[in-house]
Amino acid sequence: MLLPTSVDLLRCVERTLQTVIVPTLTGTAERSAARTIEHMLRHVVLRIEHEGRIFSAEIDLLRPLLERAQNVFDQSFGDVPETAAARAAVAAALSPPAPSHAYRDVASLAAEVTALRQAVCEALRLIQQHEATLSAAAKDLYEALKRYVAWELDNEAQLIDPAFEGFGARR
Amino acid sequence: MDMLKRPLADYLAHRFGPQCVLAESIRFPRGSSRETWFIAYRVTPEADLTRVVFRSDFPSGSTIPSSLEQEYFIYERLGHTKVPVAHVLWWEADPAWAARPFYVREHIEGSWDIPHYHDPDPAYDALRIETSKEHVRNLALIHQVDWQALGLERRLPAPPSVADAGRFFIEQVETQFRNLHGEPIPLFDLGAHWLKARAPAAPRLSLCKGTNGMGEEVFRDGKIVAMSDWEEASIGDPAADFAFAQELVSEIERDGKQIWGLAQCLDYYFEVSGIRVTPESVGFYRMVQSLKMVMYSESAAVGVHSTPEAHIRQAWTGTEVAYVGKRILAAVMGLSAPLPPSRFADLNKTMG
């Protein structure tokens with residue numbers, strides 16, 4: 001079955017909710033819940049359409065960034081327990097081989113993104129512990145991690161703004 | 001009322017005897033953190049109407065990661081002070097009746113709405129200023145509560161000193177975030193670190209209300225008769241309450257002259273309390289608000305992930321509200337452009 005697509009179905013559900021169900025609602029709580037459901041349906045459509053691509057792009061960005069972080073840890077922070085812990089966390093996140101042609105569902109991509117983001121948190125913690133004495137390479141890494149955070153937020157905007165902005169009260 | 005395992009009328013009969021009659025049950029349509037129900041009953045068919053408020057977590061827990069039991073405790077303790085609060089009546093956790101624990105407090109007659117407060121006509125400026133002063137006077141009352149004598153630090157962790165108040169507040173938000181065991185959010189870690197480096201000292205350590213202002217307090221005849229929603233109460237810098245105040249610290253400008261606003265509020269607050277809060281500290285806690293937003297929206301996200309019984313409003317909090325909180329936090333640190341104020345205002349629009 002190719003048609004109707006999941007997105008077609010969700011849009012049909014949204015339209016039915018708006019035209020058949022909502023006009024019959026009289027209570028504030030019921031109308032409020034229905035309105036929030038409409039927003040959620042539009043948001044889910046965007047996630048179906050874009051989430052896989054966004055996660056793949058994030059993995060492609062974070063893997064080399066975290067490999068770079070490992071080198072900076074070795075050069076800049078010496079062999080202290082915190083460095084070893086951060087290095088181990090980053091290594092663990094990078095350890096699953098990046099599959100090149102196997103099909104990956106969104107849940108699998110999300111799991112990898114979660115592990116990589118956890119490694120980013122560990123890297124940030126280590127850098128912040130040494131913030132007063134960062135090497136040039138560590139400063140560059142810190143700025144690159146901040147740029148990643150801003151980039152990730154822009155990706156999230158693609159899943160949020162078109163679903164909510166201009167569609168009125170949320171609840 | 002899914003906080004109850006059996007019909008509400010049966011529960012009231014269980015509490016007050018078989019003649020007790022349920023007259024009304026209305027779910028409060030606002031509120032994104034917990035469930036609030038307004039209940040009216042008569043102990044006998046001829047008795048006067050009694051109005052009470054039932055309060056519980058959502059089936060998936062509270063969006064604010066402090067316990068319902070803590071909220072009950074704060075209400076109970078404040079019932080022994082001059083702070084206007086509804087008195088708590090009972091706590092219910094009997095598994096024969098409660099699907100999840102809830103408590104009941106008295107219902108205070110009044111309204112969250114202040115007629116004409118939002119009417120831009122300058123004729124209502126005096127109303128706006130007097131309402132703001134009334135709120136400031138009550139914040140001053142809260143901030144001067146002897147929280148040690150009340151034993152509030154048994155539930156609300158207190159900073160070790162006034163110098164540590166700002167940093168301690170951030171650390172509390174971090175602890176709440178970690179205890180959620182949700183997803184890693186690098187922006188949250190960046191934000192917490194950035195804010196701790198800028199945390200101001202407090203003029204004193206006070207009981208602070210947390211969320212306060214329009215929509216939280218009950219007014220009657222221009223006076224606050226009940227202060228509600230204590231789930232974000234903390235011990236710390238009174239500046240935080242000015243930062244978290246909803247609408248009641250409004251800036252009013254007429255003919256190019258500012259006739260009311262934060263500066264005037266803080267001066268008036270000093271006049272009635274003797275506590276000097278600086279606009280800089282209020283500015284700091286306004287930035288902290290975005291960190292809190294990220295934390296509690298993650299709490300909602302975790303709640304929705306944990307059970308399909310989560311409230312749809314938590315799904316929204318875990319998605320758009322989370323995103324907006326992150327945007328504001330990123331802008332605070334200069335990582336992204338500020339959101340237009342209209343975007344934030346959109347979040348607060350309701351179906352009425």
# chains A, B, ... in the order shown; residues from 1 in each chain; ligands from 1
$ residues_around --residues "Val288 (chain B)" --least-positions-apart "5" --cutoff "10 Å" --atoms "only C-alpha atoms" --output "list in words"
Gly166, Phe169, Ile170, Val173, Gly191, Ala192, Leu195, Lys196, Ala199, Ala240, Ala243, Phe244, Val282, Gly283, Met293, Leu329 and Val332 of chain B
$ closest_atom_pairs --of "chain A" --to "chain B" --cutoff "8 Å" --atoms "only C-alpha atoms" --output "tab-separated table"
residue	atom	partner	partner_atom	distance
A:Thr28	CA	B:Pro29	CA	6.5
A:Ala29	CA	B:Pro29	CA	5.3
A:Arg31	CA	B:Met351	CA	7.2
A:Ser32	CA	B:Met351	CA	5.9
A:Ala33	CA	B:Ile312	CA	6.6
A:Thr36	CA	B:Arg313	CA	6.8
A:Ile37	CA	B:Ile312	CA	7.0
A:Met40	CA	B:Trp316	CA	7.0
A:Thr114	CA	B:Pro184	CA	6.7
A:Arg117	CA	B:Pro184	CA	6.0
A:Gln118	CA	B:Pro184	CA	5.2
A:Val120	CA	B:Pro186	CA	6.4
A:Cys121	CA	B:Pro186	CA	5.1
A:Leu124	CA	B:Leu190	CA	7.4
A:Arg125	CA	B:Asp189	CA	7.9
A:Gln128	CA	B:His193	CA	7.7
A:Lys146	CA	B:Leu335	CA	7.3
A:Arg147	CA	B:Leu335	CA	7.5
A:Val149	CA	B:Leu187	CA	6.1
A:Ala150	CA	B:Leu335	CA	6.0
A:Leu153	CA	B:Arg327	CA	7.3
A:Glu156	CA	B:Tyr323	CA	7.2
A:Ala157	CA	B:Tyr323	CA	7.5
A:Ile160	CA	B:Glu320	CA	6.2
A:Phe164	CA	B:Glu320	CA	7.6
A:Glu165	CA	B:Arg343	CA	7.8
A:Gly168	CA	B:Asp346	CA	7.3
A:Ala169	CA	B:Lys349	CA	4.8
A:Arg170	CA	B:Thr350	CA	6.4
A:Arg171	CA	B:Thr350	CA	5.1
$ residues_around --residues "region 298-308 of chain B" --least-positions-apart "2" --cutoff "8 Å" --atoms "only C-alpha atoms" --output "CSV table (one decimal) with all heavy atoms, in the first residue's frame"
chain,number,residue,atom,x,y,z
B,60,SER,N,0.3,11.2,34.1
B,60,SER,CA,1.8,11.0,33.8
B,60,SER,C,2.7,11.8,34.7
B,60,SER,O,3.9,11.9,34.4
B,60,SER,CB,2.0,11.5,32.3
B,60,SER,OG,1.6,12.8,32.2
B,61,GLY,N,2.1,12.4,35.8
B,61,GLY,CA,2.9,13.2,36.7
B,61,GLY,C,2.8,14.6,36.4
B,61,GLY,O,2.1,15.1,35.5
B,62,SER,N,3.5,15.4,37.2
B,62,SER,CA,3.4,16.9,37.1
B,62,SER,C,4.4,17.4,36.1
B,62,SER,O,5.5,16.8,35.9
B,62,SER,CB,3.7,17.5,38.4
B,62,SER,OG,3.8,18.9,38.2
B,63,THR,N,4.1,18.4,35.3
B,63,THR,CA,5.1,19.0,34.5
B,63,THR,C,6.2,19.7,35.3
B,63,THR,O,7.3,19.7,34.9
B,63,THR,CB,4.4,20.1,33.6
B,63,THR,OG1,3.4,19.4,32.8
B,63,THR,CG2,5.3,20.8,32.6
B,64,ILE,N,5.8,20.3,36.4
B,64,ILE,CA,6.8,20.9,37.3
B,64,ILE,C,7.3,19.8,38.2
B,64,ILE,O,6.6,19.1,38.9
B,64,ILE,CB,6.2,22.0,38.2
B,64,ILE,CG1,5.5,23.0,37.3
B,64,ILE,CG2,7.2,22.6,39.1
B,64,ILE,CD1,6.5,23.8,36.4
B,65,PRO,N,8.7,19.5,38.2
B,65,PRO,CA,9.2,18.4,38.9
B,65,PRO,C,9.3,18.6,40.4
B,65,PRO,O,10.4,18.4,41.0
B,65,PRO,CB,10.5,18.0,38.3
B,65,PRO,CG,10.9,19.3,37.6
B,65,PRO,CD,9.7,20.1,37.4
B,177,PHE,N,16.5,18.7,36.4
B,177,PHE,CA,16.7,18.2,35.0
B,177,PHE,C,17.3,16.9,35.0
B,177,PHE,O,16.8,15.9,34.3
B,177,PHE,CB,17.5,19.2,34.2
B,177,PHE,CG,17.7,18.9,32.8
B,177,PHE,CD1,16.7,19.1,31.8
B,177,PHE,CD2,18.9,18.3,32.3
B,177,PHE,CE1,16.9,18.7,30.5
B,177,PHE,CE2,19.1,17.9,31.0
B,177,PHE,CZ,18.1,18.1,30.1
B,180,LEU,N,15.1,13.9,35.8
B,180,LEU,CA,14.1,13.5,34.9
B,180,LEU,C,14.6,12.2,34.1
B,180,LEU,O,13.7,11.5,33.5
B,180,LEU,CB,13.8,14.6,33.9
B,180,LEU,CG,13.2,15.9,34.5
B,180,LEU,CD1,13.2,17.0,33.4
B,180,LEU,CD2,11.8,15.6,34.9
B,182,GLY,N,15.8,12.2,31.2
B,182,GLY,CA,15.3,12.4,29.9
B,182,GLY,C,16.4,12.4,28.8
B,182,GLY,O,17.4,11.7,29.0
B,183,GLU,N,16.3,13.2,27.8
B,183,GLU,CA,17.3,13.2,26.7
B,183,GLU,C,18.4,14.2,27.0
B,183,GLU,O,18.2,15.1,27.8
B,183,GLU,CB,16.6,13.6,25.4
B,183,GLU,CG,16.0,15.0,25.5
B,183,GLU,CD,15.1,15.3,24.3
B,183,GLU,OE1,15.6,15.1,23.2
B,183,GLU,OE2,14.0,15.7,24.5
B,294,VAL,N,13.1,25.1,29.7
B,294,VAL,CA,13.7,23.9,29.0
B,294,VAL,C,13.5,22.7,29.9
B,294,VAL,O,13.2,21.6,29.5
B,294,VAL,CB,15.2,24.1,28.6
B,294,VAL,CG1,15.8,22.8,28.0
B,294,VAL,CG2,15.3,25.3,27.6
B,295,MET,N,13.8,22.9,31.2
B,295,MET,CA,13.7,21.8,32.2
B,295,MET,C,12.3,21.3,32.3
B,295,MET,O,12.0,20.1,32.2
B,295,MET,CB,14.2,22.3,33.6
B,295,MET,CG,14.2,21.3,34.7
B,295,MET,SD,12.6,21.3,35.5
B,295,MET,CE,12.7,22.8,36.4
B,296,TYR,N,11.3,22.2,32.5
B,296,TYR,CA,10.0,21.7,32.7
B,296,TYR,C,9.3,21.2,31.5
B,296,TYR,O,8.5,20.3,31.5
B,296,TYR,CB,9.1,22.6,33.6
B,296,TYR,CG,8.6,23.9,32.9
B,296,TYR,CD1,7.7,23.9,31.9
B,296,TYR,CD2,9.0,25.1,33.5
B,296,TYR,CE1,7.2,25.1,31.4
B,296,TYR,CE2,8.5,26.3,32.9
B,296,TYR,CZ,7.6,26.3,31.9
B,296,TYR,OH,7.1,27.4,31.3
B,310,ALA,N,-0.9,10.6,29.3
B,310,ALA,CA,-0.5,12.0,29.5
B,310,ALA,C,-1.5,13.0,28.9
B,310,ALA,O,-2.2,12.6,27.9
B,310,ALA,CB,0.9,12.2,28.9
B,311,HIS,N,-1.6,14.1,29.5
B,311,HIS,CA,-2.5,15.2,29.0
B,311,HIS,C,-2.0,15.7,27.7
B,311,HIS,O,-0.8,15.9,27.5
B,311,HIS,CB,-2.7,16.3,30.0
B,311,HIS,CG,-3.8,17.2,29.8
B,311,HIS,ND1,-3.8,18.1,28.8
B,311,HIS,CD2,-5.0,17.3,30.4
B,311,HIS,CE1,-5.0,18.8,28.8
B,311,HIS,NE2,-5.7,18.3,29.8
B,314,GLN,N,0.5,18.4,27.9
B,314,GLN,CA,1.9,18.1,28.1
B,314,GLN,C,2.6,17.8,26.8
B,314,GLN,O,3.8,18.1,26.7
B,314,GLN,CB,2.0,16.9,29.1
B,314,GLN,CG,1.6,17.2,30.5
B,314,GLN,CD,1.6,16.0,31.4
B,314,GLN,OE1,0.9,15.1,31.2
B,314,GLN,NE2,2.5,16.1,32.4
B,315,ALA,N,1.9,17.2,25.9
B,315,ALA,CA,2.5,16.9,24.6
B,315,ALA,C,2.9,18.3,23.9
B,315,ALA,O,4.0,18.4,23.3
B,315,ALA,CB,1.6,16.2,23.7
B,317,THR,N,3.5,21.1,25.6
B,317,THR,CA,4.6,21.6,26.4
B,317,THR,C,6.0,21.0,26.0
B,317,THR,O,7.0,21.6,25.9
B,317,THR,CB,4.4,21.4,27.9
B,317,THR,OG1,3.1,22.0,28.2
B,317,THR,CG2,5.4,22.1,28.8
B,318,GLY,N,5.9,19.7,25.7
B,318,GLY,CA,7.1,18.9,25.4
B,318,GLY,C,7.6,19.2,24.0
B,318,GLY,O,8.7,18.7,23.6
B,319,THR,N,6.8,19.9,23.2
B,319,THR,CA,7.3,20.2,21.8
B,319,THR,C,7.5,21.7,21.6
B,319,THR,O,8.6,22.2,21.6
B,319,THR,CB,6.2,19.6,20.8
B,319,THR,OG1,4.9,20.1,21.2
B,319,THR,CG2,6.2,18.1,20.8
B,322,ALA,N,9.0,23.6,24.6
B,322,ALA,CA,10.4,23.2,24.7
B,322,ALA,C,11.3,24.0,23.7
B,322,ALA,O,12.3,24.5,24.1
B,322,ALA,CB,10.6,21.7,24.5
$ closest_residue --among "A:Arg42, A:Leu2, A:Ala91, A:Thr16" --to "Asp161 (chain A)" --atoms "only C-alpha atoms"
A:Arg42
$ atom_distance --atom1 "CA of Tyr11 (chain B)" --atom2 "CA of Ala86 (chain B)"
21.7 Å
$ residues_around --residues "Arg11 (chain A)" --least-positions-apart "6" --cutoff "12 Å" --atoms "only C-alpha atoms" --output "PyMOL selection string"
chain A and resi 4-5+17-18+38-46
$ residues_around --residues "Phe168 (chain B)" --least-positions-apart "5" --cutoff "10 Å" --atoms "only C-alpha atoms" --output "list in words"
Pro157, Ala158, Pro159, Pro160, Ser161, Val162, Ala163, Val173, Glu174, Lys196, Ala199, Ile235 and Gly236 of chain B
$ residues_around --residues "Glu231 (chain B)" --least-positions-apart "5" --cutoff "9 Å" --atoms "only C-alpha atoms" --output "PyMOL selection string"
chain B and resi 33+64-68+70-71+74+209-211
$ residues_around --residues "His87 (chain B)" --least-positions-apart "4" --cutoff "10 Å" --atoms "only C-alpha atoms" --output "ChimeraX atom specification"
/B:72,75-80,104-108,226
$ closest_residue --among "A:Leu126, A:His50, A:Ala92, A:Leu116" --to "Val80 (chain A)" --atoms "only C-alpha atoms"
A:Leu126
$ closest_residue --among "B:Arg51, B:Pro122, B:Leu141, B:Ser56" --to "Trp91 (chain B)" --atoms "only C-alpha atoms"
B:Ser56
$ select_by_dssp --residues "region 75-109 of chain A" --states "alpha helix (DSSP H)" --output "PyMOL selection string"
chain A and resi 75-76+81-94+106-109
$ write_last_selection --atoms "N, CA and C atoms" --output "PDB file, in the first residue's frame"
ATOM      1  N   GLN A  75      45.359  16.174  23.603  1.00  0.00           N
ATOM      2  CA  GLN A  75      46.390  17.215  23.538  1.00  0.00           C
ATOM      3  C   GLN A  75      46.270  18.225  24.680  1.00  0.00           C
ATOM      4  N   SER A  76      45.048  18.530  25.075  1.00  0.00           N
ATOM      5  CA  SER A  76      44.848  19.694  25.943  1.00  0.00           C
ATOM      6  C   SER A  76      44.616  19.379  27.411  1.00  0.00           C
ATOM      7  N   PRO A  81      41.464  11.875  35.500  1.00  0.00           N
ATOM      8  CA  PRO A  81      40.268  11.005  35.461  1.00  0.00           C
ATOM      9  C   PRO A  81      39.105  11.607  34.664  1.00  0.00           C
ATOM     10  N   GLU A  82      38.893  12.949  34.784  1.00  0.00           N
ATOM     11  CA  GLU A  82      37.761  13.536  34.046  1.00  0.00           C
ATOM     12  C   GLU A  82      37.956  13.393  32.539  1.00  0.00           C
ATOM     13  N   THR A  83      39.207  13.543  32.103  1.00  0.00           N
ATOM     14  CA  THR A  83      39.476  13.414  30.669  1.00  0.00           C
ATOM     15  C   THR A  83      39.193  11.987  30.222  1.00  0.00           C
ATOM     16  N   ALA A  84      39.641  11.048  31.020  1.00  0.00           N
ATOM     17  CA  ALA A  84      39.425   9.643  30.655  1.00  0.00           C
ATOM     18  C   ALA A  84      37.937   9.338  30.572  1.00  0.00           C
ATOM     19  N   ALA A  85      37.158   9.900  31.522  1.00  0.00           N
ATOM     20  CA  ALA A  85      35.716   9.635  31.528  1.00  0.00           C
ATOM     21  C   ALA A  85      35.052  10.244  30.295  1.00  0.00           C
ATOM     22  N   ALA A  86      35.424  11.492  29.978  1.00  0.00           N
ATOM     23  CA  ALA A  86      34.834  12.144  28.808  1.00  0.00           C
ATOM     24  C   ALA A  86      35.249  11.416  27.535  1.00  0.00           C
ATOM     25  N   ARG A  87      36.516  11.000  27.488  1.00  0.00           N
ATOM     26  CA  ARG A  87      37.009  10.303  26.298  1.00  0.00           C
ATOM     27  C   ARG A  87      36.260   8.980  26.114  1.00  0.00           C
ATOM     28  N   ALA A  88      36.028   8.303  27.222  1.00  0.00           N
ATOM     29  CA  ALA A  88      35.321   7.019  27.152  1.00  0.00           C
ATOM     30  C   ALA A  88      33.880   7.236  26.678  1.00  0.00           C
ATOM     31  N   ALA A  89      33.253   8.309  27.162  1.00  0.00           N
ATOM     32  CA  ALA A  89      31.871   8.581  26.762  1.00  0.00           C
ATOM     33  C   ALA A  89      31.787   8.890  25.274  1.00  0.00           C
ATOM     34  N   VAL A  90      32.749   9.678  24.790  1.00  0.00           N
ATOM     35  CA  VAL A  90      32.749  10.019  23.361  1.00  0.00           C
ATOM     36  C   VAL A  90      33.048   8.774  22.534  1.00  0.00           C
ATOM     37  N   ALA A  91      34.012   7.974  22.992  1.00  0.00           N
ATOM     38  CA  ALA A  91      34.362   6.754  22.245  1.00  0.00           C
ATOM     39  C   ALA A  91      33.168   5.820  22.162  1.00  0.00           C
ATOM     40  N   ALA A  92      32.422   5.719  23.260  1.00  0.00           N
ATOM     41  CA  ALA A  92      31.253   4.833  23.265  1.00  0.00           C
ATOM     42  C   ALA A  92      30.211   5.308  22.258  1.00  0.00           C
ATOM     43  N   ALA A  93      30.025   6.625  22.191  1.00  0.00           N
ATOM     44  CA  ALA A  93      29.030   7.164  21.257  1.00  0.00           C
ATOM     45  C   ALA A  93      29.455   6.947  19.815  1.00  0.00           C
ATOM     46  N   LEU A  94      30.770   6.971  19.577  1.00  0.00           N
ATOM     47  CA  LEU A  94      31.260   6.841  18.207  1.00  0.00           C
ATOM     48  C   LEU A  94      31.416   5.380  17.802  1.00  0.00           C
ATOM     49  N   VAL A 106      13.702   5.615  11.856  1.00  0.00           N
ATOM     50  CA  VAL A 106      13.919   6.868  12.603  1.00  0.00           C
ATOM     51  C   VAL A 106      14.324   6.581  14.049  1.00  0.00           C
ATOM     52  N   ALA A 107      13.767   5.515  14.630  1.00  0.00           N
ATOM     53  CA  ALA A 107      14.102   5.198  16.022  1.00  0.00           C
ATOM     54  C   ALA A 107      15.590   4.874  16.155  1.00  0.00           C
ATOM     55  N   SER A 108      16.137   4.172  15.189  1.00  0.00           N
ATOM     56  CA  SER A 108      17.564   3.836  15.225  1.00  0.00           C
ATOM     57  C   SER A 108      18.413   5.095  15.065  1.00  0.00           C
ATOM     58  N   LEU A 109      18.011   5.971  14.146  1.00  0.00           N
ATOM     59  CA  LEU A 109      18.736   7.243  13.984  1.00  0.00           C
ATOM     60  C   LEU A 109      18.649   8.070  15.269  1.00  0.00           C
TER      61      LEU A 109
END
$ atom_distance --atom1 "CA of Tyr148 (chain A)" --atom2 "CA of Leu65 (chain A)"
9.1 Å
$ atom_distance --atom1 "CA of Thr26 (chain A)" --atom2 "CA of Met1 (chain B)"
18.6 Å
$ decode --residues "region 61-71 of chain B" --atoms "all heavy atoms" --output "compact mmCIF listing (two decimals), in the first residue's frame"
# COMPACT_ATOMS: atom_id res chain seq x y z
N GLY B 61 2.12 12.38 35.77
CA GLY B 61 2.94 13.16 36.70
C GLY B 61 2.78 14.64 36.42
O GLY B 61 2.08 15.05 35.51
N SER B 62 3.48 15.44 37.22
CA SER B 62 3.39 16.88 37.06
C SER B 62 4.42 17.36 36.05
O SER B 62 5.49 16.77 35.92
CB SER B 62 3.65 17.55 38.41
OG SER B 62 3.83 18.93 38.23
N THR B 63 4.08 18.44 35.35
CA THR B 63 5.06 19.04 34.46
C THR B 63 6.17 19.68 35.27
O THR B 63 7.34 19.66 34.88
CB THR B 63 4.36 20.10 33.57
OG1 THR B 63 3.35 19.43 32.82
CG2 THR B 63 5.34 20.78 32.64
N ILE B 64 5.82 20.27 36.40
CA ILE B 64 6.82 20.87 37.29
C ILE B 64 7.34 19.76 38.20
O ILE B 64 6.56 19.13 38.92
CB ILE B 64 6.18 21.98 38.16
CG1 ILE B 64 5.53 23.04 37.27
CG2 ILE B 64 7.22 22.61 39.09
CD1 ILE B 64 6.47 23.80 36.37
N PRO B 65 8.66 19.52 38.18
CA PRO B 65 9.15 18.36 38.93
C PRO B 65 9.33 18.61 40.43
O PRO B 65 10.38 18.39 40.98
CB PRO B 65 10.49 18.04 38.25
CG PRO B 65 10.93 19.30 37.65
CD PRO B 65 9.71 20.12 37.36
N SER B 66 8.29 19.12 41.05
CA SER B 66 8.25 19.12 42.52
C SER B 66 6.98 18.36 42.87
O SER B 66 6.03 18.36 42.10
CB SER B 66 8.22 20.55 43.08
OG SER B 66 7.03 21.18 42.72
N SER B 67 7.00 17.71 44.02
CA SER B 67 5.89 16.79 44.30
C SER B 67 4.61 17.53 44.71
O SER B 67 4.65 18.64 45.24
CB SER B 67 6.30 15.82 45.42
OG SER B 67 6.39 16.53 46.64
N LEU B 68 3.50 16.87 44.47
CA LEU B 68 2.20 17.38 44.92
C LEU B 68 2.21 17.50 46.45
O LEU B 68 1.66 18.43 47.02
CB LEU B 68 1.09 16.43 44.47
CG LEU B 68 -0.33 16.86 44.80
CD1 LEU B 68 -0.77 18.00 43.89
CD2 LEU B 68 -1.30 15.69 44.67
N GLU B 69 2.86 16.55 47.08
CA GLU B 69 2.92 16.54 48.53
C GLU B 69 3.66 17.79 49.04
O GLU B 69 3.29 18.36 50.06
CB GLU B 69 3.61 15.25 48.98
CG GLU B 69 3.36 14.87 50.42
CD GLU B 69 4.38 15.47 51.37
OE1 GLU B 69 5.44 15.91 50.87
OE2 GLU B 69 4.11 15.52 52.57
N GLN B 70 4.68 18.21 48.30
CA GLN B 70 5.40 19.44 48.68
C GLN B 70 4.47 20.65 48.58
O GLN B 70 4.47 21.53 49.44
CB GLN B 70 6.62 19.65 47.78
CG GLN B 70 7.34 20.97 48.07
CD GLN B 70 8.54 21.18 47.17
OE1 GLN B 70 9.47 20.40 47.17
NE2 GLN B 70 8.52 22.26 46.39
N GLU B 71 3.68 20.68 47.48
CA GLU B 71 2.74 21.79 47.31
C GLU B 71 1.76 21.84 48.48
O GLU B 71 1.47 22.91 49.05
CB GLU B 71 2.00 21.61 45.99
CG GLU B 71 1.01 22.73 45.67
CD GLU B 71 0.32 22.49 44.33
OE1 GLU B 71 1.01 22.33 43.32
OE2 GLU B 71 -0.92 22.47 44.32
